[in-house]
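Beneath this line is the structure, given in structure tokens, with notes to follow.
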Amino acid sequence: MSTRTDTASDTWTVAGRTFSSRLIVGTGKYADYQQNADAAEAAGAEIVTVALRRVNLSDPSQPMLVDYVKPDRFTFLPNTAGCFTGEDAVRTLRLAREAGGWSLVKLEVLSDTPHLYPDMVETLRALDLLVKDGFDVMVYCTDDVVMAKRLEEAGAAAIMPAAAPIGSGLGIQNRVNIRLIVEQAGVPVLVDAGVGTPSDATLAMELGCDAVLMNTAIAGAKDPIRMARAMKHAVIAGREGYLAGRMPKRMYASPSSPMAGLI
């Protein structure tokens, strides 16, 4: 475990790209693109994930995301939100690469169900196709420890287990699995989906995750800009706590002051 105390030097790397901020934010559900940009700045984010099927990147007759969330300020992480088959996901990302030159991407292939958990069979199949096509793929997945390892073995650049269903705000439902995924991984692990509060983000970092990705937790708050700031500090606090090393848990009390030599 690292013993560094300088937060500025505590970076993380995915597919050869190094970042200081461990908070990734989305680009959907905000009142408008300006609010989205303000939230990303308040969060101190360096990466923003972009749902290619849901934001305007190419029609200049309408407000365009890139006019507010600047590509020279943020690393864009195209994602396949809204895709329910491997073919759709692969096609979407190939079009994105042609349009914007993006090779670092986020793969998500959802099940067509109310919970929208990833379809892991389709996800693994799409990952194989994308890796063979030269993409660096960060993969959204369930918190299945065995499947997470298979994704890494198939060439995933990062593993992104869901804390809870997308947009639910329920927080981490299975901290044991998240920790096991972290311990076995040789690539970055990011909690993605289900975060609702700053304490959820802190917990993800205390479990050893490299970063946290969120959208609704900020965009759906009454004050998105203030929540973005709160999430920034929560991620930093959780990371610092993880690096510091928590005290051991005990079944019984341990007095704060020595019991010997009392007056």
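Note on naming: chains are A, B, ... as they come in the structure tokens, residues start from 1 per chain, ligands start from 1 in the order shown.
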(request) Tell me which protein, DNA and RNA residues are within 10 Å of Asp67 in chain A, counting only C-alpha atoms, leaving out same-chain ones fewer than 5 positions away, and put them as number ranges by chain. (result) A: 33-34, 37, 57, 60
Pick out the residues sitting within 12 Å of range 167-184 of chain A, and hand them over as a JSON list (two decimals) with C-alpha atoms, in the first residue's frame; count only C-alpha atoms, and ignore anything fewer than 6 positions along from it in its own chain.
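Generated output (around15.json):
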[["chain", "number", "residue", "atom", "x", "y", "z"],
["A", 1, "MET", "CA", 0.00, 0.00, 0.00],
["A", 26, "GLY", "CA", -21.62, 12.09, -16.90],
["A", 28, "GLY", "CA", -26.84, 13.67, -19.21],
["A", 29, "LYS", "CA", -29.93, 14.61, -17.16],
["A", 114, "PRO", "CA", -36.54, -2.66, -15.32],
["A", 115, "HIS", "CA", -33.26, -2.97, -13.39],
["A", 116, "LEU", "CA", -31.09, -2.37, -16.50],
["A", 117, "TYR", "CA", -28.24, -4.46, -15.18],
["A", 141, "CYS", "CA", -20.45, -4.79, -15.41],
["A", 142, "THR", "CA", -22.28, -6.43, -12.55],
["A", 143, "ASP", "CA", -20.40, -6.95, -9.29],
["A", 144, "ASP", "CA", -19.77, -10.60, -10.19],
["A", 145, "VAL", "CA", -16.24, -11.39, -9.03],
["A", 146, "VAL", "CA", -15.70, -14.26, -11.49],
["A", 147, "MET", "CA", -17.04, -12.31, -14.47],
["A", 148, "ALA", "CA", -14.90, -9.31, -13.55],
["A", 149, "LYS", "CA", -11.80, -11.47, -13.84],
["A", 150, "ARG", "CA", -12.95, -12.85, -17.18],
["A", 151, "LEU", "CA", -13.39, -9.32, -18.50],
["A", 152, "GLU", "CA", -9.84, -8.46, -17.47],
["A", 153, "GLU", "CA", -8.51, -11.64, -19.10],
["A", 158, "ALA", "CA", -10.73, -1.11, -16.57],
["A", 159, "ILE", "CA", -13.47, -2.92, -14.66],
["A", 160, "MET", "CA", -16.52, -0.85, -13.67],
["A", 161, "PRO", "CA", -18.88, -2.78, -11.38],
["A", 190, "LEU", "CA", -14.18, 2.05, -10.76],
["A", 191, "VAL", "CA", -17.56, 1.94, -9.09],
["A", 192, "ASP", "CA", -20.08, 2.94, -11.73],
["A", 193, "ALA", "CA", -23.85, 3.45, -11.23],
["A", 194, "GLY", "CA", -25.95, 3.54, -8.10],
["A", 195, "VAL", "CA", -24.05, 6.19, -6.14],
["A", 196, "GLY", "CA", -26.44, 8.61, -4.44],
["A", 197, "THR", "CA", -24.59, 10.48, -1.71],
["A", 198, "PRO", "CA", -21.06, 11.65, -0.94],
["A", 199, "SER", "CA", -20.78, 8.90, 1.68],
["A", 200, "ASP", "CA", -21.37, 6.32, -1.09],
["A", 201, "ALA", "CA", -18.45, 7.77, -3.04],
["A", 202, "THR", "CA", -16.25, 7.79, 0.06],
["A", 203, "LEU", "CA", -17.05, 4.14, 0.73],
["A", 204, "ALA", "CA", -16.12, 3.17, -2.83],
["A", 205, "MET", "CA", -12.74, 4.80, -2.39],
["A", 206, "GLU", "CA", -12.23, 3.30, 1.08],
["A", 207, "LEU", "CA", -12.73, -0.13, -0.50],
["A", 208, "GLY", "CA", -9.75, 0.58, -2.73],
["A", 209, "CYS", "CA", -11.42, 1.57, -5.98],
["A", 210, "ASP", "CA", -9.30, 3.69, -8.30],
["A", 211, "ALA", "CA", -12.12, 6.08, -9.15],
["A", 212, "VAL", "CA", -15.89, 6.60, -9.11],
["A", 213, "LEU", "CA", -18.18, 7.41, -12.03],
["A", 214, "MET", "CA", -21.52, 9.07, -11.46],
["A", 215, "ASN", "CA", -24.19, 11.02, -13.29],
["A", 216, "THR", "CA", -27.63, 11.08, -11.64],
["A", 217, "ALA", "CA", -26.17, 11.56, -8.16],
["A", 218, "ILE", "CA", -25.04, 15.02, -9.28],
["A", 219, "ALA", "CA", -27.48, 15.88, -12.06],
["A", 220, "GLY", "CA", -30.48, 14.75, -10.01],
["A", 221, "ALA", "CA", -29.56, 16.73, -6.89]]
(request) Go through A:Glu41, A:Arg22, A:Met251, A:Asp10 and flag the residue nearest Pro224 in chain A, using only C-alpha atoms for the distances. (result)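 Distance minimum relative to Pro224 in chain A lands on A:Glu41.
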(request) Report as a VMD selection string: the residues of range 74-235 of chain A with a DSSP assignment of alpha helix (DSSP H), based on the backbone of this structure. (result) chain A and resid 86 to 100 120 to 132 145 to 153 175 to 184 198 to 206 216 to 219 224 to 235
Could you list, with a cut-off of 12 Å and counting only C-alpha atoms, the residues of range 124-175 of chain A near range 77-83 of chain A, each shown with its nearest atom pair and the distance in Å rounded to one decimal, rows sorted by chain and ascending number, as CSV?
residue,atom,partner,partner_atom,distance
A:Ala126,CA,A:Thr80,CA,11.0
A:Leu127,CA,A:Thr80,CA,11.9
A:Phe135,CA,A:Pro78,CA,11.5
A:Asp136,CA,A:Leu77,CA,10.6
A:Val137,CA,A:Asn79,CA,9.8
A:Met138,CA,A:Leu77,CA,9.2
A:Val139,CA,A:Asn79,CA,9.6
A:Tyr140,CA,A:Asn79,CA,9.6
A:Ile166,CA,A:Ala81,CA,10.6
With C-alpha atoms retained, export the selected residues as a PDB file, in the first residue's frame.
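out36.pdb, written as the output of this step:
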ATOM      1  CA  ALA A 126     -18.718  -7.063 -27.526  1.00  0.00           C
ATOM      2  CA  LEU A 127     -15.527  -6.559 -25.516  1.00  0.00           C
ATOM      3  CA  PHE A 135     -10.130  -0.014 -28.726  1.00  0.00           C
ATOM      4  CA  ASP A 136      -9.137   0.538 -25.082  1.00  0.00           C
ATOM      5  CA  VAL A 137     -12.294  -0.582 -23.331  1.00  0.00           C
ATOM      6  CA  MET A 138     -13.477   0.319 -19.848  1.00  0.00           C
ATOM      7  CA  VAL A 139     -16.279  -2.148 -19.100  1.00  0.00           C
ATOM      8  CA  TYR A 140     -19.455  -1.552 -17.102  1.00  0.00           C
ATOM      9  CA  ILE A 166     -28.342   2.819 -12.782  1.00  0.00           C
TER      10      ILE A 166
END
(request) Looking only at strand (DSSP E) from DSSP on the backbone, list the matching residues of range 52-244 of chain A as a list in words. (result)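 Those in range 52-244 of chain A that DSSP calls strand (DSSP E) are Thr75, Phe76, Leu77, Pro78, Asn79, Leu104, Val105, Lys106, Leu107, Asp136, Val137, Met138, Val139, Tyr140, Cys141, Ala158, Ile159, Met160, Pro161, Leu190, Val191, Asp192, Ala211, Val212, Leu213 and Met214 of chain A.
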I need the chosen residues saved as an mmCIF file, in the first residue's frame, with N, CA, C and O atoms.
data_model
loop_
_atom_site.group_PDB
_atom_site.id
_atom_site.type_symbol
_atom_site.label_atom_id
_atom_site.label_comp_id
_atom_site.auth_asym_id
_atom_site.auth_seq_id
_atom_site.Cartn_x
_atom_site.Cartn_y
_atom_site.Cartn_z
ATOM 1 N N THR A 75 -11.199 14.957 -20.989
ATOM 2 C CA THR A 75 -11.091 13.756 -21.811
ATOM 3 C C THR A 75 -12.491 13.179 -21.981
ATOM 4 O O THR A 75 -13.166 12.889 -20.983
ATOM 5 N N PHE A 76 -12.930 13.060 -23.216
ATOM 6 C CA PHE A 76 -14.246 12.491 -23.477
ATOM 7 C C PHE A 76 -14.144 10.963 -23.461
ATOM 8 O O PHE A 76 -13.256 10.377 -24.097
ATOM 9 N N LEU A 77 -15.058 10.340 -22.750
ATOM 10 C CA LEU A 77 -15.147 8.884 -22.680
ATOM 11 C C LEU A 77 -16.480 8.468 -23.290
ATOM 12 O O LEU A 77 -17.500 8.431 -22.602
ATOM 13 N N PRO A 78 -16.513 8.183 -24.592
ATOM 14 C CA PRO A 78 -17.772 7.785 -25.225
ATOM 15 C C PRO A 78 -18.288 6.484 -24.613
ATOM 16 O O PRO A 78 -17.506 5.565 -24.330
ATOM 17 N N ASN A 79 -19.600 6.411 -24.401
ATOM 18 C CA ASN A 79 -20.168 5.170 -23.887
ATOM 19 C C ASN A 79 -21.348 4.718 -24.736
ATOM 20 O O ASN A 79 -21.859 5.469 -25.575
ATOM 21 N N LEU A 104 -10.339 5.388 -26.394
ATOM 22 C CA LEU A 104 -10.667 5.007 -25.017
ATOM 23 C C LEU A 104 -12.173 5.150 -24.857
ATOM 24 O O LEU A 104 -12.727 6.242 -25.006
ATOM 25 N N VAL A 105 -12.843 4.036 -24.577
ATOM 26 C CA VAL A 105 -14.306 4.033 -24.577
ATOM 27 C C VAL A 105 -14.835 3.253 -23.380
ATOM 28 O O VAL A 105 -14.120 2.468 -22.757
ATOM 29 N N LYS A 106 -16.108 3.500 -23.092
ATOM 30 C CA LYS A 106 -16.797 2.747 -22.050
ATOM 31 C C LYS A 106 -17.866 1.878 -22.698
ATOM 32 O O LYS A 106 -18.749 2.380 -23.393
ATOM 33 N N LEU A 107 -17.766 0.582 -22.443
ATOM 34 C CA LEU A 107 -18.732 -0.368 -22.989
ATOM 35 C C LEU A 107 -19.792 -0.684 -21.959
ATOM 36 O O LEU A 107 -19.484 -1.049 -20.825
ATOM 37 N N ASP A 136 -9.424 0.697 -26.511
ATOM 38 C CA ASP A 136 -9.137 0.538 -25.082
ATOM 39 C C ASP A 136 -10.482 0.622 -24.370
ATOM 40 O O ASP A 136 -11.113 1.687 -24.376
ATOM 41 N N VAL A 137 -10.902 -0.470 -23.771
ATOM 42 C CA VAL A 137 -12.294 -0.582 -23.331
ATOM 43 C C VAL A 137 -12.417 -0.650 -21.810
ATOM 44 O O VAL A 137 -11.913 -1.577 -21.175
ATOM 45 N N MET A 138 -13.075 0.341 -21.245
ATOM 46 C CA MET A 138 -13.477 0.319 -19.848
ATOM 47 C C MET A 138 -14.882 -0.291 -19.817
ATOM 48 O O MET A 138 -15.769 0.168 -20.533
ATOM 49 N N VAL A 139 -15.070 -1.327 -18.988
ATOM 50 C CA VAL A 139 -16.279 -2.148 -19.100
ATOM 51 C C VAL A 139 -17.179 -2.023 -17.880
ATOM 52 O O VAL A 139 -16.779 -2.332 -16.755
ATOM 53 N N TYR A 140 -18.407 -1.577 -18.128
ATOM 54 C CA TYR A 140 -19.455 -1.552 -17.102
ATOM 55 C C TYR A 140 -19.982 -2.963 -16.918
ATOM 56 O O TYR A 140 -20.302 -3.644 -17.892
ATOM 57 N N CYS A 141 -20.081 -3.408 -15.667
ATOM 58 C CA CYS A 141 -20.453 -4.788 -15.411
ATOM 59 C C CYS A 141 -21.201 -4.926 -14.095
ATOM 60 O O CYS A 141 -21.309 -3.970 -13.316
ATOM 61 N N ALA A 158 -10.262 -1.423 -17.923
ATOM 62 C CA ALA A 158 -10.728 -1.112 -16.572
ATOM 63 C C ALA A 158 -12.019 -1.878 -16.331
ATOM 64 O O ALA A 158 -12.782 -2.143 -17.264
ATOM 65 N N ILE A 159 -12.262 -2.210 -15.071
ATOM 66 C CA ILE A 159 -13.468 -2.921 -14.663
ATOM 67 C C ILE A 159 -14.346 -1.937 -13.893
ATOM 68 O O ILE A 159 -13.874 -1.262 -12.977
ATOM 69 N N MET A 160 -15.641 -1.864 -14.249
ATOM 70 C CA MET A 160 -16.521 -0.846 -13.666
ATOM 71 C C MET A 160 -17.790 -1.490 -13.119
ATOM 72 O O MET A 160 -18.865 -1.429 -13.713
ATOM 73 N N PRO A 161 -17.702 -2.124 -11.942
ATOM 74 C CA PRO A 161 -18.880 -2.776 -11.380
ATOM 75 C C PRO A 161 -19.914 -1.779 -10.879
ATOM 76 O O PRO A 161 -19.577 -0.723 -10.334
ATOM 77 N N LEU A 190 -13.399 0.842 -11.036
ATOM 78 C CA LEU A 190 -14.175 2.050 -10.764
ATOM 79 C C LEU A 190 -15.605 1.655 -10.447
ATOM 80 O O LEU A 190 -16.228 0.910 -11.204
ATOM 81 N N VAL A 191 -16.133 2.134 -9.345
ATOM 82 C CA VAL A 191 -17.558 1.940 -9.093
ATOM 83 C C VAL A 191 -18.337 2.827 -10.055
ATOM 84 O O VAL A 191 -18.041 4.014 -10.214
ATOM 85 N N ASP A 192 -19.317 2.232 -10.699
ATOM 86 C CA ASP A 192 -20.079 2.941 -11.727
ATOM 87 C C ASP A 192 -21.556 2.586 -11.557
ATOM 88 O O ASP A 192 -21.923 1.417 -11.631
ATOM 89 N N ALA A 211 -11.332 4.888 -8.846
ATOM 90 C CA ALA A 211 -12.122 6.076 -9.154
ATOM 91 C C ALA A 211 -13.604 5.726 -9.038
ATOM 92 O O ALA A 211 -13.975 4.560 -8.837
ATOM 93 N N VAL A 212 -14.438 6.758 -9.168
ATOM 94 C CA VAL A 212 -15.894 6.599 -9.114
ATOM 95 C C VAL A 212 -16.491 7.360 -10.294
ATOM 96 O O VAL A 212 -16.063 8.473 -10.601
ATOM 97 N N LEU A 213 -17.453 6.751 -10.950
ATOM 98 C CA LEU A 213 -18.180 7.406 -12.029
ATOM 99 C C LEU A 213 -19.622 7.608 -11.598
ATOM 100 O O LEU A 213 -20.248 6.682 -11.073
ATOM 101 N N MET A 214 -20.129 8.796 -11.830
ATOM 102 C CA MET A 214 -21.524 9.072 -11.456
ATOM 103 C C MET A 214 -22.131 10.099 -12.393
ATOM 104 O O MET A 214 -21.441 10.914 -12.993
#
(message) What's the separation between CA of Arg226 in chain A and CA of Ala40 in chain A, in Å to one decimal place?
(response)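 These atoms are spaced 11.1 Å apart.
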(request) Give me the residues within 7 Å of range 89-96 of chain A as a VMD selection string, counting only C-alpha atoms and dropping any in the same chain fewer than 2 places off. (result) chain A and resid 80 83 85 to 87 98 to 100 102 109 126 130
Print the selection's residues with C-alpha atoms to a file, as an mmCIF file, in the first residue's frame.
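Output file selection23.cif is given in full below:
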data_model
loop_
_atom_site.group_PDB
_atom_site.id
_atom_site.type_symbol
_atom_site.label_atom_id
_atom_site.label_comp_id
_atom_site.auth_asym_id
_atom_site.auth_seq_id
_atom_site.Cartn_x
_atom_site.Cartn_y
_atom_site.Cartn_z
ATOM 1 C CA THR A 80 -22.801 2.885 -25.337
ATOM 2 C CA CYS A 83 -27.405 -0.362 -26.373
ATOM 3 C CA THR A 85 -26.921 -5.937 -28.076
ATOM 4 C CA GLY A 86 -23.238 -6.384 -28.666
ATOM 5 C CA GLU A 87 -23.668 -5.418 -32.311
ATOM 6 C CA GLU A 98 -14.664 7.802 -37.000
ATOM 7 C CA ALA A 99 -16.343 11.015 -35.840
ATOM 8 C CA GLY A 100 -14.066 12.034 -32.985
ATOM 9 C CA TRP A 102 -11.843 8.311 -29.691
ATOM 10 C CA VAL A 109 -24.623 -3.531 -22.961
ATOM 11 C CA ALA A 126 -18.718 -7.063 -27.526
ATOM 12 C CA LEU A 130 -13.694 -4.107 -29.636
#
(request) Mind giving me the straight-line distance from CA of Ala43 in chain A to CA of Ala31 in chain A in Å, one decimal? (result) 16.8 Å
(message) I'd like the contact shell of Val14 in chain A - 8 Å cut-off, only C-alpha atoms, skipping same-chain residues fewer than 5 positions apart - returned as an MDAnalysis selection string.
(response) chainID A and resid 157:158 187:188
(message) Given only C-alpha atoms as the basis, pick out the residue of A:Ser21, A:Glu122, A:Asp32, A:Gly241 nearest to Phe74 in chain A.
(response)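 Among A:Ser21, A:Glu122, A:Asp32, A:Gly241, it is A:Ser21 that comes nearest to Phe74 in chain A.
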(request) Kindly indicate which residue among A:Phe84, A:Pro248, A:Leu124, A:Ala228 lies nearest to Ser111 in chain A, using only C-alpha atoms for the distances. (result) A:Phe84
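Here CA of Thr18 in chain A and CA of Gln35 in chain A stand 26.5 Å from one another.
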